[in-house]
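**Q** If it helps, the file is called start_19.cif and holds mmCIF, C-alpha atoms:
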data_run
loop_
_atom_site.label_atom_id
_atom_site.label_comp_id
_atom_site.auth_asym_id
_atom_site.auth_seq_id
_atom_site.Cartn_x
_atom_site.Cartn_y
_atom_site.Cartn_z
CA MET J 1 48.48 85.92 58.14
CA ASN J 2 49.18 87.84 61.33
CA LYS J 3 45.48 88.50 61.87
CA ARG J 4 44.72 84.82 61.43
CA THR J 5 47.51 83.89 63.89
CA ASN J 6 46.26 86.42 66.44
CA LEU J 7 42.70 85.13 66.12
CA ARG J 8 43.91 81.56 66.60
CA ALA J 9 45.91 82.58 69.69
CA LYS J 10 42.87 84.33 71.17
CA LEU J 11 40.67 81.28 70.56
CA ILE J 12 43.24 78.99 72.19
CA SER J 13 43.61 81.24 75.25
CA SER J 14 39.87 81.93 75.68
CA PRO J 15 39.16 78.85 77.87
CA TYR J 16 41.91 79.92 80.26
CA ILE J 17 40.55 83.46 80.36
CA VAL J 18 37.05 82.18 81.16
CA TRP J 19 38.50 79.88 83.85
CA SER J 20 40.45 82.74 85.42
CA VAL J 21 37.42 85.03 85.45
CA LEU J 22 35.11 82.42 86.97
CA PHE J 23 37.41 80.92 89.58
CA ILE J 24 39.91 83.71 90.37
CA VAL J 25 38.55 87.16 89.55
CA ALA J 26 34.90 86.57 90.48
CA PRO J 27 35.65 85.07 93.95
CA LEU J 28 37.98 88.00 94.71
CA ILE J 29 35.24 90.45 93.78
CA PHE J 30 32.82 88.66 96.11
CA VAL J 31 35.37 88.77 98.95
CA VAL J 32 35.85 92.53 98.52
CA TYR J 33 32.07 93.06 98.25
CA TYR J 34 31.24 91.17 101.46
CA ALA J 35 34.17 92.75 103.33
CA PHE J 36 32.80 96.26 102.79
CA THR J 37 29.09 95.56 103.29
CA ASP J 38 26.84 94.41 106.12
CA ASN J 39 24.30 91.60 106.19
CA THR J 40 21.77 93.84 104.39
CA GLY J 41 24.14 94.55 101.52
CA ALA J 42 24.69 98.18 102.48
CA PHE J 43 28.17 99.69 102.52
CA SER J 44 29.75 99.27 105.95
CA LEU J 45 33.18 99.35 107.60
CA LEU J 46 32.09 97.41 110.70
CA SER J 47 33.85 94.24 109.57
CA ILE J 48 37.06 96.14 108.81
CA GLN J 49 36.89 97.89 112.19
CA ALA J 50 36.58 94.52 113.95
CA LEU J 51 39.91 93.27 112.52
CA PRO J 52 42.33 94.66 115.18
CA LYS J 53 41.20 92.11 117.77
CA TYR J 54 42.43 89.34 115.47
CA ILE J 55 45.98 90.75 115.24
CA PRO J 56 47.36 88.15 117.73
CA THR J 57 45.85 85.39 115.59
CA PHE J 58 47.41 86.86 112.44
CA LEU J 59 50.80 87.08 114.15
CA ARG J 60 50.55 83.48 115.42
CA SER J 61 49.61 82.24 111.94
CA ILE J 62 52.51 84.10 110.35
CA TRP J 63 54.94 82.84 113.00
CA PHE J 64 53.84 79.20 112.61
CA GLY J 65 54.01 79.57 108.82
CA ILE J 66 57.54 81.01 108.97
CA VAL J 67 58.80 78.27 111.31
CA ALA J 68 57.24 75.50 109.20
CA THR J 69 58.65 77.04 106.00
CA ILE J 70 62.18 77.30 107.45
CA ILE J 71 62.09 73.69 108.65
CA CYS J 72 60.85 72.53 105.24
CA LEU J 73 63.64 74.47 103.53
CA ILE J 74 66.32 73.01 105.83
CA ILE J 75 65.08 69.48 105.09
CA ALA J 76 64.23 69.92 101.42
CA TYR J 77 67.31 71.73 100.12
CA PRO J 78 69.94 69.04 100.81
CA LEU J 79 67.44 66.29 99.94
CA ALA J 80 66.66 67.91 96.57
CA TYR J 81 70.38 68.30 95.90
CA ILE J 82 71.03 64.63 96.71
CA ILE J 83 68.17 63.50 94.45
CA SER J 84 69.38 65.69 91.57
CA LYS J 85 72.81 63.99 91.69
CA LYS J 86 71.43 60.47 91.30
CA THR J 87 70.86 58.57 88.06
CA ASP J 88 67.58 59.09 86.21
CA LYS J 89 66.13 55.82 87.46
CA VAL J 90 67.00 56.56 91.09
CA GLN J 91 65.67 60.10 90.71
CA ARG J 92 62.31 58.83 89.50
CA THR J 93 62.10 56.38 92.40
CA MET J 94 63.01 58.97 95.02
CA ILE J 95 60.58 61.54 93.61
CA LEU J 96 57.88 58.87 93.64
CA LEU J 97 58.58 58.26 97.34
CA VAL J 98 58.41 61.99 98.03
CA MET J 99 55.05 62.32 96.27
CA LEU J 100 53.58 59.05 97.50
CA PRO J 101 52.03 60.52 100.71
CA MET J 102 50.32 63.19 98.59
CA TRP J 103 48.26 60.47 96.95
CA MET J 104 46.47 59.92 100.25
CA SER J 105 43.76 62.17 101.60
CA PHE J 106 44.90 65.24 103.53
CA LEU J 107 42.49 64.25 106.31
CA ILE J 108 43.92 60.73 106.59
CA ARG J 109 47.48 62.04 106.80
CA THR J 110 46.54 64.43 109.60
CA TYR J 111 44.55 61.79 111.50
CA SER J 112 47.55 59.48 111.25
CA TRP J 113 49.68 62.00 113.12
CA MET J 114 46.98 62.22 115.79
CA ALA J 115 47.37 58.48 116.37
CA ILE J 116 51.15 58.86 116.50
CA LEU J 117 51.32 61.89 118.82
CA GLN J 118 48.54 61.11 121.30
CA ASP J 119 49.40 60.49 124.96
CA THR J 120 48.50 56.84 124.36
CA GLY J 121 49.79 56.85 120.80
CA ILE J 122 52.53 54.90 119.06
CA ILE J 123 55.46 57.00 120.29
CA ASN J 124 54.38 57.13 123.93
CA SER J 125 53.47 53.42 123.95
CA PHE J 126 56.99 52.65 122.75
CA LEU J 127 58.54 54.96 125.36
CA MET J 128 56.59 53.30 128.18
CA LYS J 129 57.59 49.84 126.97
CA ILE J 130 61.27 50.71 127.27
CA GLY J 131 60.76 52.27 130.71
CA LEU J 132 60.71 55.96 129.76
CA PRO J 133 57.98 58.41 130.83
CA PRO J 134 55.44 59.46 128.19
CA VAL J 135 55.81 62.85 126.51
CA HIS J 136 52.83 65.13 125.87
CA MET J 137 52.98 66.03 122.18
CA ILE J 138 49.42 66.33 120.92
CA ASN J 139 47.55 69.66 121.23
CA THR J 140 50.77 71.66 121.21
CA GLY J 141 52.24 74.26 118.88
CA GLY J 142 54.99 71.84 117.95
CA ALA J 143 52.41 69.29 116.81
CA VAL J 144 50.74 71.89 114.59
CA ILE J 145 54.07 72.87 113.01
CA LEU J 146 54.97 69.19 112.57
CA GLY J 147 51.70 68.64 110.72
CA MET J 148 52.44 71.59 108.45
CA VAL J 149 55.96 70.35 107.70
CA TYR J 150 54.79 66.82 106.94
CA ASN J 151 51.92 67.88 104.69
CA PHE J 152 53.69 70.65 102.79
CA LEU J 153 57.29 69.36 102.58
CA PRO J 154 56.84 67.92 99.03
CA TYR J 155 55.85 71.42 97.87
CA MET J 156 59.29 72.59 98.92
CA ILE J 157 61.23 69.63 97.55
CA MET J 158 59.75 69.55 94.06
CA PRO J 159 60.49 73.10 92.82
CA ILE J 160 64.01 73.05 94.28
CA TYR J 161 64.69 69.64 92.72
CA SER J 162 63.30 70.81 89.36
CA VAL J 163 65.74 73.72 89.28
CA MET J 164 68.72 71.70 90.53
CA ALA J 165 68.13 68.90 88.02
CA LYS J 166 68.47 71.44 85.19
CA MET J 167 71.43 73.28 86.73
CA ASP J 168 74.35 74.02 84.40
CA LEU J 169 77.15 71.88 85.83
CA SER J 170 79.78 73.78 83.84
CA MET J 171 79.26 76.81 86.08
CA ILE J 172 79.87 74.69 89.18
CA GLU J 173 82.99 73.21 87.59
CA ALA J 174 84.19 76.73 86.70
CA CYS J 175 83.71 77.83 90.29
CA GLN J 176 85.74 74.87 91.49
CA ASP J 177 88.46 75.50 88.89
CA LEU J 178 88.77 79.07 90.14
CA GLY J 179 89.72 77.78 93.57
CA GLY J 180 86.36 77.79 95.33
CA ASN J 181 86.02 75.32 98.20
CA GLY J 182 82.84 73.42 98.97
CA LEU J 183 81.25 76.23 100.98
CA THR J 184 82.16 78.86 98.39
CA VAL J 185 80.70 76.75 95.57
CA VAL J 186 77.44 76.38 97.48
CA ARG J 187 77.26 80.06 98.50
CA ARG J 188 78.36 81.70 95.25
CA CYS J 189 77.16 79.22 92.62
CA ILE J 190 74.66 76.55 93.68
CA LEU J 191 72.57 78.79 95.96
CA PRO J 192 72.08 81.63 93.41
CA LEU J 193 71.34 79.15 90.62
CA SER J 194 68.72 77.39 92.74
CA MET J 195 67.13 80.62 94.02
CA PRO J 196 64.07 80.42 91.70
CA GLY J 197 63.25 76.98 93.10
CA ILE J 198 63.76 78.20 96.68
CA VAL J 199 61.43 81.15 96.12
CA SER J 200 58.77 78.92 94.57
CA GLY J 201 59.10 76.38 97.39
CA ILE J 202 58.87 79.02 100.12
CA THR J 203 55.77 80.49 98.50
CA MET J 204 54.12 77.08 98.05
CA VAL J 205 54.73 76.16 101.70
CA PHE J 206 54.18 79.50 103.43
CA VAL J 207 50.83 80.28 101.78
CA PRO J 208 48.99 77.06 102.81
CA SER J 209 50.73 77.06 106.21
CA VAL J 210 49.41 80.53 107.05
CA SER J 211 45.89 79.80 105.82
CA THR J 212 45.46 76.23 107.07
CA PHE J 213 42.79 75.38 109.63
CA TYR J 214 42.34 71.59 109.73
CA ILE J 215 45.87 70.86 110.98
CA SER J 216 45.55 73.32 113.86
CA GLN J 217 42.15 71.92 114.83
CA LYS J 218 43.21 68.27 114.93
CA LEU J 219 46.84 68.48 116.09
CA GLY J 220 46.43 71.66 118.14
CA GLY J 221 43.17 70.66 119.79
CA GLY J 222 41.71 74.13 119.26
CA SER J 223 44.30 75.63 121.63
CA PHE J 224 46.21 77.36 118.85
CA ASP J 225 43.77 79.31 116.74
CA LEU J 226 45.16 80.25 113.35
CA ILE J 227 43.60 82.74 110.99
CA GLY J 228 42.21 79.90 108.87
CA ASP J 229 40.29 78.63 111.92
CA VAL J 230 38.74 82.06 112.47
CA ILE J 231 37.67 82.35 108.82
CA GLU J 232 36.26 78.81 108.85
CA ARG J 233 34.19 79.55 111.97
CA GLN J 234 32.80 82.77 110.53
CA PHE J 235 31.55 80.95 107.45
CA GLN J 236 30.56 77.58 108.91
CA GLN J 237 29.36 78.39 112.44
CA SER J 238 28.67 82.10 112.93
CA TYR J 239 27.51 82.63 109.33
CA ASN J 240 29.08 86.08 109.47
CA TYR J 241 30.18 86.18 105.86
CA ASN J 242 31.09 89.87 106.04
CA LEU J 243 33.62 89.46 108.85
CA GLY J 244 34.93 86.26 107.31
CA ALA J 245 35.42 88.06 103.99
CA ALA J 246 37.19 90.97 105.71
CA ILE J 247 39.64 88.62 107.43
CA SER J 248 40.14 86.75 104.16
CA LEU J 249 40.88 90.04 102.42
CA VAL J 250 43.60 90.91 104.94
CA LEU J 251 45.06 87.40 104.64
CA MET J 252 45.09 87.73 100.86
CA VAL J 253 46.93 91.07 101.09
CA LEU J 254 49.50 89.54 103.46
CA ILE J 255 50.07 86.62 101.11
CA LEU J 256 50.45 88.91 98.09
CA ALA J 257 52.90 91.07 100.05
CA SER J 258 54.98 88.03 101.03
CA MET J 259 55.03 86.86 97.41
CA ALA J 260 56.18 90.31 96.29
CA VAL J 261 59.00 90.23 98.84
CA MET J 262 60.07 86.76 97.72
CA ASN J 263 60.07 87.84 94.07
CA HIS J 264 62.28 90.77 95.02
CA PHE J 265 64.78 88.43 96.66
CA SER J 266 64.61 86.16 93.62
CA GLU J 267 65.54 89.04 91.33
CA GLU J 268 68.44 89.94 93.61
CA GLY J 269 69.63 86.31 93.50
CA GLU J 270 69.62 86.38 89.70
CA MET J 271 71.66 89.60 89.75
CA VAL J 272 74.29 87.95 91.95
CA ILE J 273 74.86 85.34 89.28
#
Represent the supplied structure as structure tokens.
**A**
Amino acid sequence: MNKRTNLRAKLISSPYIVWSVLFIVAPLIFVVYYAFTDNTGAFSLLSIQALPKYIPTFLRSIWFGIVATIICLIIAYPLAYIISKKTDKVQRTMILLVMLPMWMSFLIRTYSWMAILQDTGIINSFLMKIGLPPVHMINTGGAVILGMVYNFLPYMIMPIYSVMAKMDLSMIEACQDLGGNGLTVVRRCILPLSMPGIVSGITMVFVPSVSTFYISQKLGGGSFDLIGDVIERQFQQSYNYNLGAAISLVLMVLILASMAVMNHFSEEGEMVI
């Protein structure tokens, strides 16, 4: 009986194993292969040795990703808490509104912000109509971060809301019964309980923010190169697959390191409970 159950489990999981090998393991192997070879296929460290000159771009990408992630967390956490306290019908409606922009194309959403932030865009046209001077917003670092926040904010709201909606209210009531004020309840009860959602949200926002390239091209005007822009150029314009793979490998290591750090903090949050 056990053998039959094990065989059935293997057959059920086999499609997922094949999917993982084809679309996760195999691409990673290709990235590592191209990173440590030259255009002839011979082993080479030239691409790895060329990485130090892209350190400023890595640092800028990480900084923009951190700022966008923090802003998303500040906006998403209270919003997710408010949604989780509503009735089921209101929750479904509010979640629908949060996810509604994600039904549109990523390109359309970014182009829309170009129309809003341009020197002759909607905001500046309104400012000039009421007698105020226009403000230069497009092709700035703030515009790039704004685009990241707008596009990736739902990825922060959803995991936090999912955890808060399932939160054990008896623990919050116990904290209040023990004399905890509002701040103490949030710090010692709600925050630790919602830590898994926070970690998931930070990961889901930080990773695409660091690796994005389209937002920085359209809202930054090419003035704020991020690491995703460099990788995109190596593959699409310079056709230097080896250097592009080397940069991608470093980016992948950075992302894995950040995920490991976040998992560490998540485990510490669970211990606090």
**Q** Which residues are near Met156 in chain J? Cut-off 12 Å, all atoms listed in the file, ignore same chain within fewer than 5 positions. Put them as a PyMOL selection string.
**A** chain J and resi 68-80+98-99+148-151+161-163+196-208
**Q** Between J:Cys175, J:Tyr241, J:Thr57, J:Glu232, single out the one closest to Thr40 in chain J, counting all atoms listed in the file.
**A**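 Nearest to Thr40 in chain J: J:Tyr241.
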**Q** Identify all residues satisfying the PyMOL selection byres ((chain J and resi 118) around 12) in the given file; provide them as a VMD selection string.
**A** chain J and resid 111 to 117 119 to 125 134 to 140 143 218 to 221
**Q** For Ile215 in chain J, which residue out of J:Arg109, J:Lys166, J:Arg8, J:Arg187 is the nearest one, using all atoms listed in the file?
**A** J:Arg109
**Q** Find, counting all atoms listed in the file, the residue in J:Met104, J:Ala26, J:Val31, J:Ile95 that gets nearest to Asn242 in chain J.
**A**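 That would be J:Val31, the residue with the smallest distance to Asn242 in chain J.
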**Q** Using all atoms listed in the file, determine which residues lie at most 8 Å from Thr212 in chain J, disregarding the query and same-chain residues fewer than 5 positions distant; provide the list as a PyMOL selection string.
**A** chain J and resi 226-229
**Q** How far is it from CA of Lys85 in chain J to CA of Leu178 in chain J, in Å with one decimal?
**A**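 CA of Leu178 in chain J lies 22.0 Å from CA of Lys85 in chain J.
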**Q** Mind pulling up the distance from CA of Phe152 in chain J to CA of Ser105 in chain J?
**A** 13.1 Å
**Q** So, with all atoms listed in the file as the atoms that count, which of J:Ala260, J:Leu254, J:Ala165, J:Leu183 lies closest to Thr87 in chain J?
**A** J:Ala165
**Q** Mind rebuilding range 191-211 of chain J with N, CA, C and O atoms and writing that out as a PDB file, in the frame of the given file?
**A**
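Output (out-v6.pdb):
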ATOM      1  N   LEU J 191      73.681  78.069  95.325  1.00  0.00           N
ATOM      2  CA  LEU J 191      72.570  78.790  95.960  1.00  0.00           C
ATOM      3  C   LEU J 191      71.941  79.820  95.026  1.00  0.00           C
ATOM      4  O   LEU J 191      70.706  79.838  94.870  1.00  0.00           O
ATOM      5  N   PRO J 192      72.713  80.692  94.354  1.00  0.00           N
ATOM      6  CA  PRO J 192      72.080  81.630  93.410  1.00  0.00           C
ATOM      7  C   PRO J 192      71.369  80.940  92.256  1.00  0.00           C
ATOM      8  O   PRO J 192      70.295  81.380  91.836  1.00  0.00           O
ATOM      9  N   LEU J 193      71.963  79.855  91.738  1.00  0.00           N
ATOM     10  CA  LEU J 193      71.340  79.150  90.620  1.00  0.00           C
ATOM     11  C   LEU J 193      70.017  78.494  91.026  1.00  0.00           C
ATOM     12  O   LEU J 193      69.103  78.367  90.207  1.00  0.00           O
ATOM     13  N   SER J 194      69.933  78.063  92.275  1.00  0.00           N
ATOM     14  CA  SER J 194      68.720  77.390  92.740  1.00  0.00           C
ATOM     15  C   SER J 194      67.719  78.344  93.380  1.00  0.00           C
ATOM     16  O   SER J 194      66.678  77.901  93.862  1.00  0.00           O
ATOM     17  N   MET J 195      68.010  79.649  93.372  1.00  0.00           N
ATOM     18  CA  MET J 195      67.130  80.620  94.020  1.00  0.00           C
ATOM     19  C   MET J 195      65.699  80.610  93.481  1.00  0.00           C
ATOM     20  O   MET J 195      64.741  80.724  94.262  1.00  0.00           O
ATOM     21  N   PRO J 196      65.469  80.487  92.165  1.00  0.00           N
ATOM     22  CA  PRO J 196      64.070  80.420  91.700  1.00  0.00           C
ATOM     23  C   PRO J 196      63.289  79.270  92.321  1.00  0.00           C
ATOM     24  O   PRO J 196      62.111  79.424  92.675  1.00  0.00           O
ATOM     25  N   GLY J 197      63.928  78.115  92.475  1.00  0.00           N
ATOM     26  CA  GLY J 197      63.250  76.980  93.100  1.00  0.00           C
ATOM     27  C   GLY J 197      62.999  77.229  94.575  1.00  0.00           C
ATOM     28  O   GLY J 197      61.951  76.837  95.111  1.00  0.00           O
ATOM     29  N   ILE J 198      63.939  77.885  95.257  1.00  0.00           N
ATOM     30  CA  ILE J 198      63.760  78.200  96.680  1.00  0.00           C
ATOM     31  C   ILE J 198      62.584  79.150  96.868  1.00  0.00           C
ATOM     32  O   ILE J 198      61.745  78.955  97.753  1.00  0.00           O
ATOM     33  N   VAL J 199      62.524  80.178  96.022  1.00  0.00           N
ATOM     34  CA  VAL J 199      61.430  81.150  96.120  1.00  0.00           C
ATOM     35  C   VAL J 199      60.084  80.477  95.876  1.00  0.00           C
ATOM     36  O   VAL J 199      59.109  80.699  96.612  1.00  0.00           O
ATOM     37  N   SER J 200      60.023  79.639  94.848  1.00  0.00           N
ATOM     38  CA  SER J 200      58.770  78.920  94.570  1.00  0.00           C
ATOM     39  C   SER J 200      58.392  78.006  95.720  1.00  0.00           C
ATOM     40  O   SER J 200      57.221  77.953  96.123  1.00  0.00           O
ATOM     41  N   GLY J 201      59.373  77.286  96.274  1.00  0.00           N
ATOM     42  CA  GLY J 201      59.100  76.380  97.390  1.00  0.00           C
ATOM     43  C   GLY J 201      58.627  77.126  98.625  1.00  0.00           C
ATOM     44  O   GLY J 201      57.674  76.696  99.291  1.00  0.00           O
ATOM     45  N   ILE J 202      59.278  78.235  98.954  1.00  0.00           N
ATOM     46  CA  ILE J 202      58.870  79.020 100.120  1.00  0.00           C
ATOM     47  C   ILE J 202      57.437  79.525  99.950  1.00  0.00           C
ATOM     48  O   ILE J 202      56.622  79.467 100.875  1.00  0.00           O
ATOM     49  N   THR J 203      57.124  80.004  98.759  1.00  0.00           N
ATOM     50  CA  THR J 203      55.770  80.490  98.500  1.00  0.00           C
ATOM     51  C   THR J 203      54.749  79.374  98.623  1.00  0.00           C
ATOM     52  O   THR J 203      53.680  79.538  99.239  1.00  0.00           O
ATOM     53  N   MET J 204      55.061  78.207  98.053  1.00  0.00           N
ATOM     54  CA  MET J 204      54.120  77.080  98.050  1.00  0.00           C
ATOM     55  C   MET J 204      53.921  76.470  99.424  1.00  0.00           C
ATOM     56  O   MET J 204      52.916  75.798  99.673  1.00  0.00           O
ATOM     57  N   VAL J 205      54.869  76.673 100.339  1.00  0.00           N
ATOM     58  CA  VAL J 205      54.730  76.160 101.700  1.00  0.00           C
ATOM     59  C   VAL J 205      54.135  77.210 102.626  1.00  0.00           C
ATOM     60  O   VAL J 205      53.255  76.918 103.430  1.00  0.00           O
ATOM     61  N   PHE J 206      54.615  78.442 102.517  1.00  0.00           N
ATOM     62  CA  PHE J 206      54.180  79.500 103.430  1.00  0.00           C
ATOM     63  C   PHE J 206      52.699  79.814 103.260  1.00  0.00           C
ATOM     64  O   PHE J 206      51.979  79.973 104.258  1.00  0.00           O
ATOM     65  N   VAL J 207      52.234  79.902 102.021  1.00  0.00           N
ATOM     66  CA  VAL J 207      50.830  80.280 101.780  1.00  0.00           C
ATOM     67  C   VAL J 207      49.853  79.292 102.412  1.00  0.00           C
ATOM     68  O   VAL J 207      48.967  79.701 103.171  1.00  0.00           O
ATOM     69  N   PRO J 208      49.945  77.979 102.156  1.00  0.00           N
ATOM     70  CA  PRO J 208      48.990  77.060 102.810  1.00  0.00           C
ATOM     71  C   PRO J 208      49.223  76.935 104.310  1.00  0.00           C
ATOM     72  O   PRO J 208      48.279  76.647 105.051  1.00  0.00           O
ATOM     73  N   SER J 209      50.458  77.145 104.783  1.00  0.00           N
ATOM     74  CA  SER J 209      50.730  77.060 106.210  1.00  0.00           C
ATOM     75  C   SER J 209      50.020  78.186 106.964  1.00  0.00           C
ATOM     76  O   SER J 209      49.446  77.974 108.045  1.00  0.00           O
ATOM     77  N   VAL J 210      50.054  79.385 106.400  1.00  0.00           N
ATOM     78  CA  VAL J 210      49.410  80.530 107.050  1.00  0.00           C
ATOM     79  C   VAL J 210      47.894  80.382 107.046  1.00  0.00           C
ATOM     80  O   VAL J 210      47.225  80.745 108.016  1.00  0.00           O
ATOM     81  N   SER J 211      47.348  79.844 105.976  1.00  0.00           N
ATOM     82  CA  SER J 211      45.890  79.800 105.820  1.00  0.00           C
ATOM     83  C   SER J 211      45.255  78.486 106.245  1.00  0.00           C
ATOM     84  O   SER J 211      44.033  78.353 106.144  1.00  0.00           O
TER      85      SER J 211
END
